[in-house]
Every structure is written in C-alpha cells, then in structure tokens.
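coords10.cif (mmCIF, C-alpha atoms)
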data_upload
loop_
_atom_site.label_atom_id
_atom_site.label_comp_id
_atom_site.auth_asym_id
_atom_site.auth_seq_id
_atom_site.Cartn_x
_atom_site.Cartn_y
_atom_site.Cartn_z
CA MET A 1 -47.05 23.76 5.07
CA SER A 2 -44.50 22.57 2.52
CA THR A 3 -40.78 23.10 2.45
CA ALA A 4 -38.83 23.57 -0.77
CA THR A 5 -35.80 21.30 -0.89
CA ASP A 6 -34.58 21.84 -4.42
CA SER A 7 -31.96 24.35 -3.25
CA VAL A 8 -30.51 22.13 -0.52
CA ASP A 9 -27.37 20.16 -1.31
CA LEU A 10 -26.55 17.39 1.13
CA VAL A 11 -23.08 17.16 -0.39
CA GLY A 12 -21.50 19.36 -2.98
CA ASP A 13 -21.07 18.24 -6.56
CA GLU A 14 -17.30 18.13 -6.15
CA VAL A 15 -17.55 15.77 -3.17
CA ALA A 16 -19.95 13.50 -5.03
CA VAL A 17 -17.68 13.37 -8.08
CA ASN A 18 -14.63 12.63 -5.92
CA LEU A 19 -16.48 9.86 -4.07
CA VAL A 20 -17.33 8.25 -7.40
CA ARG A 21 -13.74 8.58 -8.60
CA ALA A 22 -12.43 7.10 -5.35
CA ALA A 23 -14.86 4.18 -5.62
CA LEU A 24 -13.80 3.58 -9.23
CA LEU A 25 -10.10 3.59 -8.30
CA ALA A 26 -10.83 1.21 -5.40
CA ALA A 27 -12.64 -1.11 -7.82
CA LEU A 28 -9.76 -0.84 -10.30
CA MET A 29 -7.40 -1.88 -7.50
CA GLY A 30 -9.51 -4.98 -6.99
CA ALA A 31 -9.17 -5.77 -10.69
CA PHE A 32 -5.41 -5.12 -10.56
CA ALA A 33 -5.12 -7.74 -7.80
CA PHE A 34 -6.16 -10.36 -10.34
CA VAL A 35 -3.19 -9.43 -12.53
CA SER A 36 -0.88 -11.59 -10.47
CA PHE A 37 1.91 -14.06 -10.98
CA PRO A 38 4.47 -15.64 -8.67
CA ASN A 39 7.84 -14.00 -8.45
CA PRO A 40 10.36 -16.73 -9.27
CA LEU A 41 12.80 -15.20 -6.80
CA ASN A 42 10.23 -15.13 -3.96
CA PRO A 43 7.04 -17.15 -4.55
CA ALA A 44 5.68 -16.11 -1.10
CA VAL A 45 4.93 -12.59 -2.38
CA PRO A 46 3.27 -12.40 -5.80
CA VAL A 47 3.85 -9.70 -8.37
CA THR A 48 0.58 -7.84 -8.94
CA ALA A 49 -0.53 -4.70 -10.73
CA GLN A 50 -1.85 -3.24 -7.46
CA VAL A 51 0.99 -0.77 -7.08
CA LEU A 52 0.02 0.67 -10.47
CA GLY A 53 -3.39 1.38 -8.92
CA VAL A 54 -1.73 3.14 -5.99
CA PHE A 55 0.27 5.27 -8.42
CA LEU A 56 -2.83 6.21 -10.43
CA ALA A 57 -4.88 7.00 -7.31
CA GLY A 58 -2.29 9.46 -6.06
CA ILE A 59 -1.64 10.98 -9.47
CA TYR A 60 -5.25 11.44 -10.52
CA LEU A 61 -7.09 11.93 -7.21
CA GLY A 62 -4.50 13.79 -5.15
CA PRO A 63 -3.43 13.18 -1.57
CA ALA A 64 -6.80 13.18 0.21
CA TRP A 65 -8.98 11.35 -2.29
CA GLY A 66 -6.18 9.06 -3.49
CA GLY A 67 -5.51 7.95 0.08
CA PHE A 68 -9.26 7.60 0.66
CA ALA A 69 -9.63 5.43 -2.46
CA MET A 70 -6.93 3.06 -1.25
CA ALA A 71 -8.40 2.99 2.27
CA LEU A 72 -11.75 2.12 0.70
CA TYR A 73 -10.08 -0.69 -1.25
CA VAL A 74 -8.44 -2.12 1.89
CA LEU A 75 -11.71 -1.83 3.82
CA ALA A 76 -13.61 -3.66 1.08
CA GLY A 77 -11.10 -6.51 1.24
CA VAL A 78 -11.12 -6.66 5.03
CA LEU A 79 -14.92 -6.81 4.98
CA GLY A 80 -14.85 -9.82 2.67
CA ALA A 81 -14.79 -8.63 -0.93
CA PRO A 82 -12.28 -10.85 -2.78
CA VAL A 83 -10.14 -7.94 -3.95
CA PHE A 84 -6.72 -8.88 -2.59
CA SER A 85 -4.13 -10.88 -4.50
CA GLY A 86 -5.38 -14.30 -5.52
CA ALA A 87 -9.02 -13.27 -4.87
CA SER A 88 -8.34 -13.38 -1.14
CA ALA A 89 -10.15 -11.30 1.45
CA GLY A 90 -10.62 -10.83 5.16
CA LEU A 91 -8.83 -9.43 8.14
CA ALA A 92 -6.37 -12.34 8.10
CA GLU A 93 -4.78 -10.88 4.97
CA ILE A 94 -3.80 -7.77 6.93
CA PHE A 95 -2.27 -9.92 9.66
CA GLY A 96 -0.16 -12.01 7.30
CA PRO A 97 3.21 -11.68 5.60
CA THR A 98 1.87 -9.40 2.84
CA GLY A 99 -0.38 -7.28 5.08
CA GLY A 100 2.14 -4.47 5.29
CA TYR A 101 1.85 -3.85 1.57
CA LEU A 102 -1.94 -3.56 1.85
CA LEU A 103 -1.76 -1.24 4.84
CA SER A 104 0.76 0.98 3.05
CA TYR A 105 -1.43 1.70 0.03
CA PRO A 106 -3.44 4.63 1.50
CA PHE A 107 -0.28 6.28 2.84
CA ALA A 108 1.63 5.76 -0.41
CA ALA A 109 -1.22 7.13 -2.55
CA ALA A 110 -1.50 10.18 -0.28
CA LEU A 111 2.25 10.82 -0.52
CA ILE A 112 2.24 10.40 -4.29
CA GLY A 113 -0.68 12.82 -4.53
CA ALA A 114 1.07 15.35 -2.31
CA VAL A 115 4.26 15.25 -4.38
CA VAL A 116 2.43 15.43 -7.72
CA HIS A 117 -0.08 18.12 -6.74
CA GLY A 118 1.79 20.11 -4.10
CA VAL A 119 -0.13 22.14 -1.54
CA ASN A 120 -2.12 24.51 -3.75
CA GLY A 121 -4.88 22.13 -4.88
CA LEU A 122 -5.09 19.60 -7.66
CA VAL A 123 -3.25 20.14 -10.92
CA ASP A 124 -3.66 18.48 -14.29
CA PRO A 125 -1.38 15.41 -14.14
CA GLU A 126 -0.51 15.81 -17.82
CA GLY A 127 1.23 19.08 -16.98
CA VAL A 128 3.36 17.59 -14.21
CA SER A 129 7.01 17.12 -15.13
CA LEU A 130 8.39 13.63 -15.69
CA PRO A 131 10.96 13.96 -12.84
CA ARG A 132 8.19 14.97 -10.45
CA LEU A 133 6.02 12.00 -11.49
CA VAL A 134 8.91 9.57 -11.14
CA GLY A 135 9.93 11.11 -7.81
CA ALA A 136 6.37 10.83 -6.49
CA MET A 137 6.05 7.20 -7.51
CA THR A 138 9.50 6.41 -6.11
CA ALA A 139 8.55 7.98 -2.77
CA GLY A 140 5.31 5.98 -2.75
CA THR A 141 7.22 2.80 -3.53
CA VAL A 142 9.53 3.47 -0.58
CA VAL A 143 6.49 3.71 1.72
CA ILE A 144 5.03 0.49 0.28
CA TYR A 145 8.32 -1.36 0.65
CA ALA A 146 9.00 -0.01 4.15
CA LEU A 147 5.72 -1.32 5.55
CA GLY A 148 5.70 -4.41 3.34
CA ILE A 149 9.22 -5.47 4.32
CA ALA A 150 8.67 -4.76 8.02
CA VAL A 151 5.53 -6.91 8.21
CA TYR A 152 7.06 -9.62 6.02
CA TRP A 153 10.11 -9.71 8.29
CA TYR A 154 7.95 -9.92 11.41
CA TYR A 155 5.65 -12.72 10.23
CA LEU A 156 8.21 -14.90 8.47
CA ASP A 157 10.84 -14.56 11.20
CA THR A 158 13.66 -14.17 8.72
CA SER A 159 16.75 -11.98 8.79
CA LEU A 160 16.31 -8.31 7.94
CA VAL A 161 18.62 -8.65 4.93
CA ALA A 162 16.62 -11.62 3.65
CA ALA A 163 13.39 -9.64 4.11
CA ILE A 164 14.79 -6.61 2.27
CA VAL A 165 15.94 -8.77 -0.62
CA GLY A 166 12.96 -11.15 -0.70
CA ALA A 167 10.18 -8.65 -0.14
CA GLY A 168 11.74 -5.57 -1.71
CA LEU A 169 14.69 -5.71 -4.06
CA VAL A 170 13.42 -8.63 -6.15
CA PHE A 171 10.36 -6.50 -7.01
CA VAL A 172 12.20 -3.36 -8.17
CA PRO A 173 12.13 -4.31 -11.88
CA ALA A 174 8.37 -4.89 -11.68
CA GLU A 175 7.89 -1.51 -10.00
CA ALA A 176 9.86 0.16 -12.80
CA VAL A 177 7.49 -1.39 -15.34
CA LYS A 178 4.48 -0.14 -13.33
CA MET A 179 5.99 3.36 -13.18
CA ALA A 180 6.44 3.30 -16.95
CA ALA A 181 2.83 2.15 -17.36
CA ALA A 182 1.57 4.96 -15.10
CA ILE A 183 3.58 7.52 -17.05
CA GLY A 184 2.20 6.09 -20.28
CA ILE A 185 -1.35 6.41 -18.95
CA VAL A 186 -0.80 9.98 -17.75
CA ARG A 187 0.84 10.97 -21.03
CA SER A 188 -1.52 8.93 -23.23
CA ASP A 189 -2.83 12.02 -25.03
CA GLU A 190 0.72 12.96 -25.96
CA VAL A 191 1.41 9.43 -27.20
CA GLN A 192 -1.75 9.44 -29.36
CA ALA A 193 -0.97 12.88 -30.82
CA THR A 194 2.34 11.74 -32.29
#

structure tokens encoding of this file:
Amino acid sequence: MSTATDSVDLVGDEVAVNLVRAALLAALMGAFAFVSFPNPLNPAVPVTAQVLGVFLAGIYLGPAWGGFAMALYVLAGVLGAPVFSGASAGLAEIFGPTGGYLLSYPFAAALIGAVVHGVNGLVDPEGVSLPRLVGAMTAGTVVIYALGIAVYWYYLDTSLVAAIVGAGLVFVPAEAVKMAAAIGIVRSDEVQAT
C-alpha cells in the first residue's frame, strides 16, 4: 500500500518565503553589526548600522515577520554566532550595558511594521507615505532608546540624565542618517527612474 504525498504541504509557500526573508534580514543585521565605529561623545556604546536593519525588517516584513527576524538575530547572537557589535556574541551581551538595545529590536521592528502596514495585511512599502515611514521609524527608535537607555542606566550606575544623554541623545544624528538610508532604499525605484 502506498500513500501519495505530492499534495501534502507541511508549510504553505507563503510561510516558507517569509521564513527565508526573516532569515535573510537576520543575517543582514549580523552584517550591519560590523558597520561600527565609536561614538566620540560616548565610546561605551558604538554607532552601528543595526538600527537600519530594524527599520528594514519592519518596513519590508511587517509586524509579525519583522519582529520574528529580529528575534532570530538576537537568538543567533545569544547562541554564539558573532553577530553583535564588534563580532561579539553570547548571553553576556544581553546582560551588559548595551543589552537593552538588542532586546528592543524585535519589539521595535514589530511596531515599525504595524505602523507602516496597519492592520489589514502587508502593503507595498513603496506606496507608503513619507510621513508614515518617518513616523514608524521614529516610534521604533523610541522603543530602542527606551530599553537601551534603561539597561545602560542600570548597568553603568549613572544618573538618569547622563544615561539619556550618553545612550540616547548623542545618537540622534546617526539615527536620522539611518532613517534617510531606509527611505532611500524603500524609494530606490523612484530614485533610479529620475
């Protein structure tokens, strides 16, 4: 007796495609961690391109898969893949002064995806208005900074004002550049057409 299995899908095509996209965004985040340089105003927290990866995950994958991609990235680093800033890895990175930033990435990507795509399913990011894109990335940055500053403040035992300035405000110009880069990537077809 034989059983035909050619009509059985273990996972749907859409799930498989989204898993691949999430894995690719997680890998891209690992590459973005290598784009790193010390912030002259606070050398304890480097400037990296990772937040650009969070922006792109939310914008392109939406709230569920964008958050999943960033959770996958964090899990890979915790399990030992050298994907955090400075090729670091391990659980100790989560329980250090910059761990709050890492832990915030899935939540920020999910929020960005929710603002960009709304509640009626995924939309083409190219059709999303510029104010909505900027608003989504700003909201995501607030989440990243809220967790990042809180953990930084806790581990470095500094004043709250010093933590806000040293782990947040000094990075605002870099975040603006990353937002501009994300908008450029989303609108790249429009840039090439002109």

| request: For atom CA of A:Leu19 and atom CA of A:Ala69, quote the distance in Å rounded to one decimal. | output: 8.3 Å

| said: Considering all atoms listed in the file, can you say which of A:Gly113, A:Gly12, A:Gly168, A:Pro63 comes closest to A:Met137? | reply: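 Ranking A:Gly113, A:Gly12, A:Gly168, A:Pro63 by distance to A:Met137, first place goes to A:Gly113.
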
| Neighbour list for A:Pro46 as a list in words, cut-off 8 Å, only C-alpha atoms, skip fewer than 2 positions in-chain |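 In the requested form, the answer reads Ser36, Phe37, Pro38, Asn39, Asn42, Pro43, Ala44, Thr48 and Ser85 of chain A.
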
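Proximity of A:Gly148, A:Gly166, A:Gly118, A:Gly67 to A:Leu102, computed with all atoms listed in the file, is greatest for A:Gly148.
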
| field | Residue contacts of A:Ala31 (10 Å, all atoms listed in the file) excluding same-chain residues fewer than 2 positions away, as a VMD selection string | value | chain A and resid 25 to 29 33 to 35 49 to 50 53 82 to 85 87

| Just how far from atom CA of A:Ala71 is atom CA of A:Gly135, in Å to one decimal? | 22.4 Å

| Residue members of the PyMOL selection byres ((chain A and resi 66) around 12) in the file shown, as a ChimeraX atom specification | /A:18-26,29,53-65,67-73,105-114,116-117,122,140

| request: Work out how far apart atom CA of A:Glu175 and atom CA of A:Thr138 are and give it in Å to one decimal. | output: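 Taking atom CA of A:Glu175 as the start and atom CA of A:Thr138 as the end point, the length is 9.0 Å.
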
| said: I need the residue nearest A:Ala182 from this list: A:Val151, A:Val51, A:Leu75, A:Ala92. Use all atoms listed in the file for the distance. | reply: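 Residue with the minimum atom-to-atom distance to A:Ala182: A:Val51.
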
| task | Output the residue selection produced by the PyMOL selection byres ((chain A and resi 80) around 6) on the file above, formatted as a list in words. | result |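 Those residues are Gly77, Val78, Leu79, Ala81, Ala89 and Gly90 of chain A.
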
| Nearest to A:Pro173, chosen from A:Val47, A:Leu147, A:Val15, A:Val123, with all atoms listed in the file counted in the distances |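 Ranked by minimum distance to A:Pro173, first place goes to A:Val47.
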
| So which one's closest to A:Gly99, A:Gly127, A:Val134, A:Ile185, A:Val74? Using all atoms listed in the file, please. |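 The closest residue to A:Gly99 is A:Val74.
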
| Hey, which of A:Ser104, A:Ala150, A:Ala76, A:Asp124 ends up closest to A:Leu91? Count all atoms listed in the file. | A:Ala76

For stretch 179-182 of chain A, take all atoms listed in the file, fit an axis-aligned box around them, add 8 Å to each of the six sides, then output centre and edge lengths in Å rounded to one decimal, as JSON.
{"center_x": 4.0, "center_y": 3.6, "center_z": -15.3, "size_x": 20.9, "size_y": 18.8, "size_z": 20.2}
